[in-house]
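These notes are about the structure you will find just below.
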Amino acid sequence: MGVDTMANENLSEKVSVNINSSTLSAIDLLVDNGYYSNRSDFINQALRREIDQQQRTIDRIIEQNIRTSARDDNWFVGLYGLEESYIRELHQQGRAITLRGYGVLSISSKVEPEMLYQVVKSITMKGRTIAPDEIKQHYGLK
């Protein structure tokens, strides 16, 4: 991951969730009695536990996507960084790729946009992209 693009980024996202009053009361009771530091802490820990329980399913989905991806289809979950050296290498090889991912995509500010556009055909993201605005706009990213 490029240091220049990740150094000052907050990688958390704000999500709005509706919770019924009785559930929220139980969360508040646990928070007020010191079991969690706040509501967000409780919700984050509950989500992590559920993801841990679903890890085999997640791994199976990832493996299936990797197996069925085309040679030049870069599929990822988590953090993925596009650095200048990799883009140059693809360009020199005359290769073009597509990117599909869930998580955080970081495109170094040192990457030349025109070269990037030649080697990265498309980017499909569920998550966050850290890149110069021109690049985000070109690929229709947030």
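We label chains A, B, ... in the order they appear in the structure tokens, count residues from 1 in each chain, and number ligands from 1 in the order shown.
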Spatial neighbours of Gly127 (chain A), 9 Å, only C-alpha atoms, chain gap at least 3 places, as a list in words:
Glu13, Gly101, Tyr102, Gly103, Val104, Leu105 and Lys142 of chain A
Write the selection just made, keeping C-alpha atoms, as a short mmCIF file (atom, residue, chain, number, x, y, z; two decimals), in the first residue's frame?
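Listed below is the output, result-v3.cif:
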data_model
loop_
_atom_site.label_atom_id
_atom_site.label_comp_id
_atom_site.auth_asym_id
_atom_site.auth_seq_id
_atom_site.Cartn_x
_atom_site.Cartn_y
_atom_site.Cartn_z
CA GLU A 13 -17.00 4.37 7.36
CA GLY A 101 -12.82 -5.54 -5.05
CA TYR A 102 -14.36 -5.19 -1.64
CA GLY A 103 -12.52 -2.97 0.80
CA VAL A 104 -10.07 -0.16 0.20
CA LEU A 105 -8.32 0.55 -3.08
CA LYS A 142 -16.49 7.63 -4.95
#
So which residues touch Lys110 (chain A) within 9 Å, counting only C-alpha atoms, skipping near sequence neighbours fewer than 3 positions away, as an mmCIF file with N, CA and C atoms, in the first residue's frame?
data_model
loop_
_atom_site.group_PDB
_atom_site.id
_atom_site.type_symbol
_atom_site.label_atom_id
_atom_site.label_comp_id
_atom_site.auth_asym_id
_atom_site.auth_seq_id
_atom_site.Cartn_x
_atom_site.Cartn_y
_atom_site.Cartn_z
ATOM 1 N N ASP A 4 2.157 7.284 0.598
ATOM 2 C CA ASP A 4 1.690 8.640 0.297
ATOM 3 C C ASP A 4 0.169 8.723 0.210
ATOM 4 N N GLU A 83 0.553 0.758 -7.288
ATOM 5 C CA GLU A 83 1.739 1.593 -7.235
ATOM 6 C C GLU A 83 2.242 1.892 -8.643
ATOM 7 N N GLU A 84 3.026 2.931 -8.749
ATOM 8 C CA GLU A 84 3.593 3.360 -10.029
ATOM 9 C C GLU A 84 4.392 2.241 -10.694
ATOM 10 N N ILE A 107 -4.716 4.145 -4.898
ATOM 11 C CA ILE A 107 -3.949 4.374 -6.118
ATOM 12 C C ILE A 107 -2.985 5.514 -5.829
ATOM 13 N N PRO A 113 -1.878 9.300 -14.690
ATOM 14 C CA PRO A 113 -3.245 8.929 -15.059
ATOM 15 C C PRO A 113 -3.369 8.325 -16.458
#
Nearest residue to Ile66 (chain A) from the set A:Leu11, A:Leu99, A:Leu79, A:Ile51 (distances using only C-alpha atoms):
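That would be A:Leu99, the residue with the smallest distance to Ile66 (chain A).
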Run DSSP on the backbone and tell me which residues of region 37-89 of chain A come out as alpha helix (DSSP H); list them as a ChimeraX atom specification.
/A:39-53,55-68,84-89
Given the selection you just returned, output its residues as a file containing C-alpha atoms, formatted as a short mmCIF file (atom, residue, chain, number, x, y, z; two decimals), in the first residue's frame.
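Saved file selection-v5.cif follows:
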data_model
loop_
_atom_site.label_atom_id
_atom_site.label_comp_id
_atom_site.auth_asym_id
_atom_site.auth_seq_id
_atom_site.Cartn_x
_atom_site.Cartn_y
_atom_site.Cartn_z
CA ARG A 39 -22.55 1.84 21.45
CA SER A 40 -20.14 1.79 18.52
CA ASP A 41 -17.76 -0.46 20.44
CA PHE A 42 -20.60 -2.93 21.12
CA ILE A 43 -21.79 -2.90 17.50
CA ASN A 44 -18.26 -3.29 16.10
CA GLN A 45 -17.52 -6.24 18.38
CA ALA A 46 -20.85 -7.89 17.51
CA LEU A 47 -20.15 -7.47 13.80
CA ARG A 48 -16.64 -8.92 14.17
CA ARG A 49 -18.04 -11.98 15.99
CA GLU A 50 -20.59 -12.54 13.21
CA ILE A 51 -17.93 -12.18 10.51
CA ASP A 52 -15.73 -14.67 12.41
CA GLN A 53 -18.66 -17.13 12.44
CA GLN A 55 -15.40 -16.85 7.85
CA ARG A 56 -15.64 -20.25 6.12
CA THR A 57 -18.39 -18.90 3.86
CA ILE A 58 -16.37 -15.75 3.15
CA ASP A 59 -13.27 -17.83 2.32
CA ARG A 60 -15.32 -20.04 0.00
CA ILE A 61 -16.73 -17.01 -1.85
CA ILE A 62 -13.27 -15.47 -2.20
CA GLU A 63 -11.80 -18.74 -3.51
CA GLN A 64 -14.67 -19.17 -5.97
CA ASN A 65 -14.21 -15.63 -7.30
CA ILE A 66 -10.46 -16.06 -7.66
CA ARG A 67 -10.89 -19.40 -9.48
CA THR A 68 -13.47 -18.06 -11.93
CA GLU A 84 3.59 3.36 -10.03
CA SER A 85 6.04 0.45 -10.50
CA TYR A 86 3.25 -2.10 -11.08
CA ILE A 87 1.46 0.17 -13.57
CA ARG A 88 4.74 0.72 -15.46
CA GLU A 89 5.39 -3.02 -15.51
#
Rounded to one decimal place, report the CA of Lys136 (chain A)-CA of Val77 (chain A) distance in Å.
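Straight-line distance from CA of Lys136 (chain A) to CA of Val77 (chain A) works out to 19.0 Å.
Every protein or nucleic acid residue with an atom no more than 10 Å from Gly140 (chain A), counting only C-alpha atoms and leaving out same-chain residues fewer than 2 positions away, appears here: Ser122, Ile123, Thr124, Met125, Glu134, Ile135, Lys136, Gln137, His138 and Lys142 of chain A.
The two atoms in question, CA of Leu82 (chain A) and CA of Arg128 (chain A), are spaced 13.8 Å apart.
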Which residue gives the smallest distance to Gly94 (chain A) among A:Gln118, A:Asn38, A:Ser109, A:Asn20, with only C-alpha atoms counted?
A:Gln118
